[in-house]
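*Asks:* Mind having a look at this structure? Questions to follow.
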Amino acid sequence: MSGRALFCQPRRVRRGSALTLVFASVLVAGAATGSLPATDRKPAARPTQAAAPTGRHAEVAEAAEEAMEAGTSPVEAAERAVSRSGDRWGAVYSPGEYEEFEDALDGRYTGVGLWARERSGRIEVTRVGSDTPAADAGIRAGDRLRSVDGERVDGWPVTEVVSLLRGDDAAESAGTTVRLGLERGTRTWSETLRRARLSRDTVTVDELPGRITVVKVGAFTKGSGDEVRAAVEEAPADAGLVLDLRGNPGGLVAEAVTAASAFLDGGLVATYDVEGEQRALHAEPGGDTTRPLVALVDGGTMSAAELLTGALQDRGRAVVVGSRTFGKGSVQMPGRLPDGSVAELTVGHYRTPSGRGVDGRGITPDLEAEEQALQQAGTVLAGLGR
C-alpha cells in the first residue's frame with residue numbers, strides 16, 4: 001500500500017451510485033478530504049499497487065480479487081468488506097471517481113456552484129459561487145433546496161443530495177442538466193441548471209471596520225496554505241486577525257500545516273499515528289506571532305480545519321470563538337485494489353500539541369457564540385488591544 005494518508009468525511013454507499021464527494025456540508029459537487037504531507041511537505045503520488053497491501057487493505061483487496069474471479073463487481077465486494085469492518089470513514093472509489101476526487105483536492109470540481117447545510121431536516125443554501133450556474137440562475141444564500149430532479153431532499157444527508165446534484169458519473173457530468181426545486185419565503189419555483197467544470201476560491205479576505213482583517217478558508221485545497229500566509233503578510237500592520245474556519249470540512253493537511261505556519265514560529269502542530277507508527281507535523285518558522293488572532297469555528301469545522309484550530313488553541317496563539325467542532329480526528333490511507341479502484345481505510349488518529357484526541361469529541365471553543373460569532377470576535381480583538 002502506498003500513497004497519501006487522508007483525513008476523510010463519512011461516505012454513505014448507495015448501490016448503483018457511489019458517492020465521490022465526501023464533504024459533509026458542501027453542495028458544489030467537488031470537494032475533498034484531507035491528506036497528510038509526505039516528507040517534503042507536498043502531497044505524495046497517487047496510490048499504486050507498488051507495495052503489497054497490508055492489514056485491512058489486504059482484506060478488502062482480497063474481497064475484490066475474489067469477486068473478479070467470480071465475475072461479480074469488485075467495487076461492490078470491496079464496499080461490503082469495508083462495511084463489515086465497521087470503519088465509519090472507510091470508502092471505495094472507482095478509478096474515475098478517484099480521479100475526480102484528486103481534481104477536487106486541486107480546487108477543481110464539476111457542479112452548479114452551491115454550498116449548503118442541513119438545518120432542522122431541510123437543505124439550506126449557505127453560499128453561491130460567483131460566475132457559476134447557480135449564480136446565473138439567481139439562487140441566493142438562504143434559499144431552501146426542496147428537490148433535485150424531482151426527488152424530495154428534506155431529511156436527506158447532504159452527501160446524498162450531492163450525489164443527485166453530481167449525476168451518475170460526476171467525471172462525465174459537465175454539460176448535463178439538473179432540475180432544482182427551490183423556496184424563498186413564500187415563493188416556490190424550479191430552475192434547470194447545466195453542470196459545469198468550476199474552480200473554487202477557497203481563501204477570501206475581507207477588511208472590516210475597526211482595523212480587522214478576516215481570512216475565510218472554505219477548504220484546504222492545493223495552494224490554500226500559501227494564500228493564507230500571503231493574506232496575513234498583506235494585512236495592515238495594525239490589524240487584528242480573524243481566521244474564519246466555520247463550515248470548513250477539511251482538506252490537504254499539508255496546506256493546513258502551511259496555514260499554521262502563518263501564525264506560529266515553528267513548533268508542533270499535531271501528532272498522529274499510522275498503523276501504530278508515531279509521527280509529527282511541525283510549522284515552519286517565521287510566522288506572525290504578535291498580532292491578536294481569533295479563530296472562528298462551528299459544527300461544520302472538520303478534519304484538517306480542526307487540526308489547525310487545535311494547534312492554535314493549544315499553543316495559546318488564538319482565542320477560539322464559536323461552537324464545538326465536528327470531531328473528525330482519524331487518519332485514512334488510500335490503496336489500489338486489483339481492478340484499479342481505490343479503498344480508503346482508517347489507519348490511525350491525530351492529536352493536538354497538548355495530546356488531546358479530537359475524534360468523536362471535537363474542539364470546544366474558548367468563547368461560545370452562534371449567530372453573532374463574528375461580532376464576538378471583534379469584541380475579543382478589542383479586549384486584546386485592538
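Order determines the names: the first chain of the C-alpha cells is A, the second B, and so forth; residues in each chain are numbered 1 upward, and ligands are numbered 1 upward as they are shown.
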Do you have, as a tab-separated table, the list of residues of stretch 57-92 of chain A lying at most 12 Å from stretch 344-362 of chain A, each with its nearest atom pair and that distance in Å to one decimal, counting only C-alpha atoms and ordered by chain then number?

*Replies:*
```
residue	atom	partner	partner_atom	distance
A:His57	CA	A:Leu345	CA	7.1
A:Ala58	CA	A:Leu345	CA	10.8
A:Glu59	CA	A:Leu345	CA	11.1
A:Val60	CA	A:Leu345	CA	9.4
A:Ala61	CA	A:Glu344	CA	11.3
A:Ala78	CA	A:Glu344	CA	10.5
A:Glu79	CA	A:Glu344	CA	10.4
A:Ala81	CA	A:Leu345	CA	10.9
A:Val82	CA	A:Leu345	CA	7.9
A:Ser83	CA	A:Leu345	CA	10.8
A:Ser85	CA	A:Leu345	CA	9.8
A:Gly86	CA	A:Thr346	CA	10.2
A:Asp87	CA	A:Thr346	CA	6.7
A:Arg88	CA	A:Thr346	CA	8.3
A:Trp89	CA	A:Thr346	CA	6.6
A:Gly90	CA	A:Leu345	CA	4.6
A:Ala91	CA	A:Glu344	CA	5.2
A:Val92	CA	A:Glu344	CA	6.2
```

*Asks:* Sorted by chain and rising residue number, list the residues of stretch 100-211 of chain A at most 9 Å from stretch 235-249 of chain A (counting only C-alpha atoms), each with its closest atom pair and distance in Å to one decimal, as a tab-separated table.

*Replies:*
```
residue	atom	partner	partner_atom	distance
A:Arg117	CA	A:Gly247	CA	8.8
A:Glu207	CA	A:Ala235	CA	8.6
A:Gly210	CA	A:Ala239	CA	8.2
A:Arg211	CA	A:Ala239	CA	4.8
```

*Asks:* Kindly export the residues of the current selection with C-alpha atoms, as a PDB file, in the first residue's frame.

*Replies:*
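Written file, result01.pdb:
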```pdb
ATOM      1  CA  ARG A 117     -26.101  22.703   5.036  1.00  0.00           C
ATOM      2  CA  GLU A 207     -11.398  44.195   5.735  1.00  0.00           C
ATOM      3  CA  GLY A 210     -12.147  48.663  13.410  1.00  0.00           C
ATOM      4  CA  ARG A 211      -8.995  47.513  11.621  1.00  0.00           C
TER       5      ARG A 211
END
```

*Asks:* Using DSSP on the backbone coordinates, identify the residues of stretch 105-320 of chain A assigned to helix (DSSP H, G or I); present them as an MDAnalysis selection string.

*Replies:* chainID A and resid 105 133:136 158:166 170:172 224:234 253:261 304:314

*Asks:* At what distance in Å, to one decimal, does atom CA of A:Arg108 lie from atom CA of A:Gly138?

*Replies:*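 Interatomic distance, atom CA of A:Gly138 to atom CA of A:Arg108: 22.4 Å.
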
*Asks:* Which of these, A:Val161, A:Ser341, A:Val319, A:Gly310, has the shortest distance to A:Gly383 once you count only C-alpha atoms?

*Replies:*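 Using only C-alpha atoms, the shortest distance to A:Gly383 belongs to A:Val319.
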
*Asks:* Can you list, as a list in words, all residues belonging to stretch 66-140 of chain A that DSSP tags as strand (DSSP E)?

*Replies:*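 Answer for stretch 66-140 of chain A restricted to strand (DSSP E) is Ala91, Val92, Tyr93, Arg108, Tyr109, Thr110, Gly111, Leu114, Trp115, Ala116, Arg117, Glu118, Arg119, Arg122, Ile123, Glu124, Val125, Thr126, Arg127 and Val128 of chain A.
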
*Asks:* For the atom pair atom CA of A:Thr110 and atom CA of A:Asp143, what is the interatomic distance in Å to one decimal place?

*Replies:*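 Calculated distance between atom CA of A:Thr110 and atom CA of A:Asp143 is 21.2 Å.
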
*Asks:* Given only C-alpha atoms as the basis, pick out the residue of A:Ala137, A:Val342, A:Leu312, A:Ile212 nearest to A:Thr192.

*Replies:* A:Ala137

*Asks:* Ranking A:Pro338, A:Gly286, A:Gly111, A:Pro365 by minimum distance to A:Ala64 and counting only C-alpha atoms, which one comes first?

*Replies:*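 Closest to A:Ala64 of all the choices is A:Pro338.
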
*Asks:* With only C-alpha atoms as the atoms that count, which of A:Leu193, A:Ser323, A:Gly329, A:Pro334 lies nearest to A:Phe101?

*Replies:*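 Ranked by minimum distance to A:Phe101, first place goes to A:Pro334.
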
*Asks:* Might you pull out every residue within 8 Å of A:Glu255, with only C-alpha atoms counted and same-chain residues fewer than 2 positions away left off, and present them as a count of residues only?

*Replies:* 13

*Asks:* Smallest atom-to-atom distance to A:Thr132: which of A:Thr188, A:Ser199, A:Ser147, A:Thr177, using only C-alpha atoms?

*Replies:*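 Smallest separation from A:Thr132 among the options: A:Ser199.
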
*Asks:* If I take atom CA of A:Glu306 and atom CA of A:Glu99, how far is one from the other in Å, to one decimal?

*Replies:* 25.9 Å

*Asks:* Smallest atom-to-atom distance to A:Ala382: which of A:Gly316, A:Leu293, A:Asp265, A:Glu97, using only C-alpha atoms?

*Replies:*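 Of A:Gly316, A:Leu293, A:Asp265, A:Glu97, the one nearest A:Ala382 is A:Leu293, counting only C-alpha atoms.
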